[in-house]
$ cat structure30.pdb   # PDB, C-alpha atoms
ATOM      1  CA  MET J   1     -85.889  41.359-226.487
ATOM      2  CA  LEU J   2     -88.420  42.694-229.008
ATOM      3  CA  ARG J   3     -88.387  46.057-227.255
ATOM      4  CA  ASN J   4     -84.603  46.246-227.591
ATOM      5  CA  LEU J   5     -84.904  45.368-231.268
ATOM      6  CA  GLU J   6     -87.546  48.074-231.742
ATOM      7  CA  SER J   7     -85.364  50.618-229.954
ATOM      8  CA  ALA J   8     -82.330  49.677-232.041
ATOM      9  CA  CYS J   9     -84.359  49.966-235.252
ATOM     10  CA  ALA J  10     -85.707  53.369-234.166
ATOM     11  CA  VAL J  11     -82.180  54.620-233.448
ATOM     12  CA  ALA J  12     -80.958  53.248-236.790
ATOM     13  CA  LEU J  13     -83.855  54.896-238.655
ATOM     14  CA  LEU J  14     -83.301  58.250-236.952
ATOM     15  CA  THR J  15     -79.574  58.049-237.653
ATOM     16  CA  GLY J  16     -80.282  57.157-241.273
ATOM     17  CA  ILE J  17     -82.617  60.134-241.642
ATOM     18  CA  VAL J  18     -80.107  62.570-240.148
ATOM     19  CA  VAL J  19     -77.219  61.242-242.263
ATOM     20  CA  LEU J  20     -79.291  61.178-245.444
ATOM     21  CA  VAL J  21     -80.722  64.674-244.980
ATOM     22  CA  GLY J  22     -77.287  66.018-244.077
ATOM     23  CA  ALA J  23     -75.647  64.391-247.084
ATOM     24  CA  ALA J  24     -78.440  65.628-249.353
ATOM     25  CA  ALA J  25     -78.013  69.196-248.054
ATOM     26  CA  VAL J  26     -74.258  69.094-248.675
ATOM     27  CA  ALA J  27     -74.721  67.548-252.125
ATOM     28  CA  ARG J  28     -77.324  70.161-253.059
ATOM     29  CA  SER J  29     -75.053  72.994-251.939
ATOM     30  CA  LEU J  30     -72.285  71.528-254.103
ATOM     31  CA  GLY J  31     -74.629  71.576-257.091
ATOM     32  CA  SER J  32     -75.232  67.840-257.291
ATOM     33  CA  PRO J  33     -78.531  67.105-255.505
ATOM     34  CA  ILE J  34     -79.513  63.598-254.479
ATOM     35  CA  ILE J  35     -82.918  63.387-256.125
ATOM     36  CA  TRP J  36     -84.187  60.388-254.178
ATOM     37  CA  SER J  37     -83.117  61.617-250.718
ATOM     38  CA  VAL J  38     -86.462  63.155-249.782
ATOM     39  CA  GLU J  39     -88.385  60.017-250.717
ATOM     40  CA  ILE J  40     -86.134  57.733-248.714
ATOM     41  CA  ALA J  41     -86.113  60.139-245.745
ATOM     42  CA  GLU J  42     -89.932  60.165-245.798
ATOM     43  CA  LEU J  43     -90.017  56.364-245.942
ATOM     44  CA  LEU J  44     -87.630  56.090-242.984
ATOM     45  CA  PHE J  45     -89.584  58.733-241.064
ATOM     46  CA  VAL J  46     -92.924  56.930-241.441
ATOM     47  CA  TRP J  47     -91.387  53.722-240.112
ATOM     48  CA  LEU J  48     -89.721  55.649-237.283
ATOM     49  CA  CYS J  49     -93.053  57.204-236.280
ATOM     50  CA  MET J  50     -94.738  53.825-235.992
ATOM     51  CA  LEU J  51     -91.895  52.326-233.954
ATOM     52  CA  ALA J  52     -91.798  55.389-231.704
ATOM     53  CA  ALA J  53     -95.562  55.185-231.141
ATOM     54  CA  ASP J  54     -95.221  51.603-229.931
ATOM     55  CA  LEU J  55     -92.214  52.386-227.744
ATOM     56  CA  ALA J  56     -94.169  55.256-226.178
ATOM     57  CA  MET J  57     -97.172  52.957-225.636
ATOM     58  CA  GLN J  58     -94.952  50.395-223.916
ATOM     59  CA  GLU J  59     -93.816  53.065-221.461
ATOM     60  CA  ARG J  60     -97.354  54.445-221.121
ATOM     61  CA  ARG J  61     -96.159  57.818-222.345
ATOM     62  CA  HIS J  62     -99.150  58.671-224.529
ATOM     63  CA  PHE J  63    -101.324  61.427-223.153
ATOM     64  CA  GLY J  64    -104.595  60.727-221.438
ATOM     65  CA  LEU J  65    -107.361  62.560-219.680
ATOM     66  CA  SER J  66    -107.673  61.868-215.984
ATOM     67  CA  LEU J  67    -110.926  63.667-215.157
ATOM     68  CA  LEU J  68    -113.050  60.513-215.095
ATOM     69  CA  PRO J  69    -110.472  58.145-213.525
ATOM     70  CA  ASP J  70    -109.708  60.700-210.807
ATOM     71  CA  SER J  71    -113.390  60.854-209.884
ATOM     72  CA  LEU J  72    -113.579  57.085-209.332
ATOM     73  CA  GLY J  73    -112.386  54.940-206.501
ATOM     74  CA  PRO J  74    -109.582  52.383-206.905
ATOM     75  CA  ARG J  75    -111.886  49.596-208.122
ATOM     76  CA  GLY J  76    -113.698  51.824-210.573
ATOM     77  CA  ARG J  77    -110.380  53.094-211.930
ATOM     78  CA  HIS J  78    -109.215  49.488-212.347
ATOM     79  CA  VAL J  79    -112.349  48.563-214.315
ATOM     80  CA  LEU J  80    -112.192  51.749-216.387
ATOM     81  CA  GLU J  81    -108.586  51.064-217.386
ATOM     82  CA  ALA J  82    -109.524  47.539-218.516
ATOM     83  CA  ILE J  83    -112.432  48.924-220.563
ATOM     84  CA  ASN J  84    -110.161  51.579-222.051
ATOM     85  CA  LEU J  85    -107.614  48.945-223.113
ATOM     86  CA  LEU J  86    -110.367  46.828-224.674
ATOM     87  CA  ILE J  87    -111.556  49.835-226.687
ATOM     88  CA  VAL J  88    -107.990  50.573-227.831
ATOM     89  CA  ILE J  89    -107.501  46.929-228.847
ATOM     90  CA  ALA J  90    -110.752  46.920-230.831
ATOM     91  CA  LEU J  91    -109.817  50.178-232.564
ATOM     92  CA  LEU J  92    -106.314  48.945-233.436
ATOM     93  CA  ALA J  93    -107.705  45.675-234.828
ATOM     94  CA  PHE J  94    -110.252  47.605-236.918
ATOM     95  CA  LEU J  95    -107.565  49.959-238.233
ATOM     96  CA  TRP J  96    -105.207  47.064-238.967
ATOM     97  CA  VAL J  97    -107.722  45.467-241.354
ATOM     98  CA  TYR J  98    -107.941  48.675-243.371
ATOM     99  CA  ALA J  99    -104.193  49.275-243.207
ATOM    100  CA  TRP J 100    -103.659  45.801-244.665
ATOM    101  CA  ARG J 101    -106.157  46.441-247.458
ATOM    102  CA  ASN J 102    -104.548  49.801-248.186
ATOM    103  CA  MET J 103    -101.064  48.277-248.310
ATOM    104  CA  ILE J 104    -102.218  45.681-250.842
ATOM    105  CA  LEU J 105    -104.009  48.365-252.868
ATOM    106  CA  MET J 106    -100.925  50.618-252.913
ATOM    107  CA  HIS J 107     -98.446  47.911-253.926
ATOM    108  CA  PRO J 108     -98.676  48.431-257.706
ATOM    109  CA  ARG J 109     -98.387  52.209-257.344
ATOM    110  CA  LEU J 110     -94.826  53.390-257.998
ATOM    111  CA  ILE J 111     -93.745  56.425-256.019
ATOM    112  CA  GLY J 112     -91.191  59.087-256.772
ATOM    113  CA  ALA J 113     -87.940  59.172-258.649
ATOM    114  CA  ILE J 114     -86.816  55.734-257.496
ATOM    115  CA  GLN J 115     -90.166  54.162-258.377
ATOM    116  CA  MET J 116     -90.548  52.249-255.114
ATOM    117  CA  ASN J 117     -93.767  50.381-254.484
ATOM    118  CA  GLY J 118     -96.294  52.324-252.441
ATOM    119  CA  SER J 119     -96.704  49.299-250.197
ATOM    120  CA  LEU J 120     -93.267  49.965-248.656
ATOM    121  CA  ILE J 121     -94.646  53.111-247.074
ATOM    122  CA  HIS J 122     -98.047  51.682-246.188
ATOM    123  CA  ALA J 123     -96.531  48.537-244.667
ATOM    124  CA  SER J 124     -95.340  50.737-241.810
ATOM    125  CA  MET J 125     -98.963  51.112-240.705
ATOM    126  CA  VAL J 126     -99.556  47.364-240.879
ATOM    127  CA  VAL J 127     -96.458  46.583-238.823
ATOM    128  CA  GLY J 128     -96.933  49.549-236.477
ATOM    129  CA  LEU J 129    -100.554  48.700-235.736
ATOM    130  CA  LEU J 130     -99.587  45.079-235.051
ATOM    131  CA  LEU J 131     -96.914  46.248-232.615
ATOM    132  CA  LEU J 132     -99.380  48.588-230.908
ATOM    133  CA  LEU J 133    -101.941  45.784-230.775
ATOM    134  CA  ARG J 134     -99.394  43.426-229.208
ATOM    135  CA  THR J 135     -98.449  46.059-226.642
ATOM    136  CA  SER J 136    -102.088  46.809-225.774
ATOM    137  CA  VAL J 137    -102.966  43.127-225.367
ATOM    138  CA  ALA J 138     -99.898  42.603-223.140
ATOM    139  CA  GLN J 139    -100.920  45.616-221.036
ATOM    140  CA  LEU J 140    -104.468  44.269-220.731
ATOM    141  CA  VAL J 141    -103.211  40.840-219.664
ATOM    142  CA  ASP J 142    -100.914  42.433-217.071
ATOM    143  CA  HIS J 143    -103.755  44.657-215.882
ATOM    144  CA  LEU J 144    -106.163  41.718-215.506
ATOM    145  CA  ARG J 145    -103.541  39.701-213.619
ATOM    146  CA  GLU J 146    -103.423  42.454-211.032
ATOM    147  CA  SER J 147    -106.225  42.041-208.576
ATOM    148  CA  ALA J 148    -108.609  44.943-208.373
ATOM    149  CA  PRO J 149    -107.526  47.286-205.601
ATOM    150  CA  HIS J 150    -109.531  47.053-202.418
ATOM    151  CA  GLY J 151    -110.588  50.490-201.483
ATOM    152  CA  SER J 152    -113.707  52.444-201.021
ATOM    153  CA  PRO J 153    -116.651  50.999-202.894
ATOM    154  CA  ASP J 154    -117.630  52.804-206.095
TER     155      ASP J 154
END

$ encode --input "structure30.pdb" --output "structure tokens"
Amino acid sequence: MLRNLESACAVALLTGIVVLVGAAAVARSLGSPIIWSVEIAELLFVWLCMLAADLAMQERRHFGLSLLPDSLGPRGRHVLEAINLLIVIALLAFLWVYAWRNMILMHPRLIGAIQMNGSLIHASMVVGLLLLLRTSVAQLVDHLRESAPHGSPD
């Protein structure tokens, strides 16, 4: 259900960006530019990027190097994937702490023509990292529930 909500939000954000940029282009060509359009489009885009990163992680669509896993047997590959997920989880948790601090620090800063709080932009990192962390933990749990493949010893 959360994945469907994330997908719907990503579609809504992308649609909002396209409509806003299109309307701003038409308004500018008519001599009446929408001053705040770029700021709002940037805000929507940052949130879209974080949602898209999590959706890609859920589908395991991020790139990876396969040189080391390909040189291992099935059991070694299984262990290596678990270690890799643990490293990703640790990194995301570390980054989340600093994203939170940065969001709090940026809150009083007013940005652009509409004077929105800087925390609105930086909150995307806090939420996005939490979503990525949730996805990584779920993938680790699923991975550990799978028994290690029985194949050639490593």

$ resolve_selection --input "structure30.pdb" --expression "the PyMOL selection byres ((chain J and resi 58) around 12)" --output "PyMOL selection string"
chain J and resi 2-4+6-7+51-57+59-62+131-140

$ resolve_selection --input "structure30.pdb" --expression "the PyMOL selection byres ((chain J and resi 119) around 7)" --output "list in words"
Met103, Ile104, Met106, His107, Asn117, Gly118, Leu120, Ile121, His122 and Ala123 of chain J

$ residues_around --input "structure30.pdb" --residues "Ala41 of chain J" --least-positions-apart "4" --cutoff "8 Å" --atoms "all atoms listed in the file" --output "list in words"
Gly16, Ile17, Leu20, Val21, Ser37 and Phe45 of chain J

$ write_last_selection --input "structure30.pdb" --atoms "C-alpha atoms" --output "PDB file, in the frame of the given file"
ATOM      1  CA  GLY J  16     -80.282  57.157-241.273  1.00  0.00           C
ATOM      2  CA  ILE J  17     -82.617  60.134-241.642  1.00  0.00           C
ATOM      3  CA  LEU J  20     -79.291  61.178-245.444  1.00  0.00           C
ATOM      4  CA  VAL J  21     -80.722  64.674-244.980  1.00  0.00           C
ATOM      5  CA  SER J  37     -83.117  61.617-250.718  1.00  0.00           C
ATOM      6  CA  PHE J  45     -89.584  58.733-241.064  1.00  0.00           C
TER       7      PHE J  45
END

$ atom_distance --input "structure30.pdb" --atom1 "atom CA of Leu92 of chain J" --atom2 "atom CA of Val127 of chain J"
11.5 Å

$ axis_aligned_box --input "structure30.pdb" --around "segment 108-117 of chain J" --padding-each-side "8 Å" --output "JSON"
{"center_x": -92.7, "center_y": 53.8, "center_z": -256.6, "size_x": 27.9, "size_y": 26.7, "size_z": 20.2}

$ atom_distance --input "structure30.pdb" --atom1 "atom CA of Ile114 of chain J" --atom2 "atom CA of Ile35 of chain J"
8.7 Å

$ atom_distance --input "structure30.pdb" --atom1 "atom CA of Ile83 of chain J" --atom2 "atom CA of Asp142 of chain J"
13.7 Å

$ resolve_selection --input "structure30.pdb" --expression "the PyMOL selection byres ((chain J and resi 10) around 9)" --output "NGL selection string"
:J and (5-9 or 11-15 or 47-49 or 51-52)

$ residues_around --input "structure30.pdb" --residues "Gln115 of chain J" --least-positions-apart "6" --cutoff "10 Å" --atoms "all atoms listed in the file" --output "VMD selection string"
chain J and resid 36 39 109

$ write_last_selection --input "structure30.pdb" --atoms "C-alpha atoms" --output "CSV table (one decimal), in the frame of the given file"
chain,number,residue,atom,x,y,z
J,36,TRP,CA,-84.2,60.4,-254.2
J,39,GLU,CA,-88.4,60.0,-250.7
J,109,ARG,CA,-98.4,52.2,-257.3

$ closest_residue --input "structure30.pdb" --among "J:Ala25, J:Leu110, J:Leu68, J:Ala82" --to "Arg145 of chain J" --atoms "only C-alpha atoms"
J:Ala82

$ residues_around --input "structure30.pdb" --residues "Pro33 of chain J" --least-positions-apart "5" --cutoff "10 Å" --atoms "all atoms listed in the file" --output "PyMOL selection string"
chain J and resi 23-28

$ closest_residue --input "structure30.pdb" --among "J:Leu67, J:Met116, J:Arg75, J:Pro108" --to "Leu43 of chain J" --atoms "only C-alpha atoms"
J:Met116
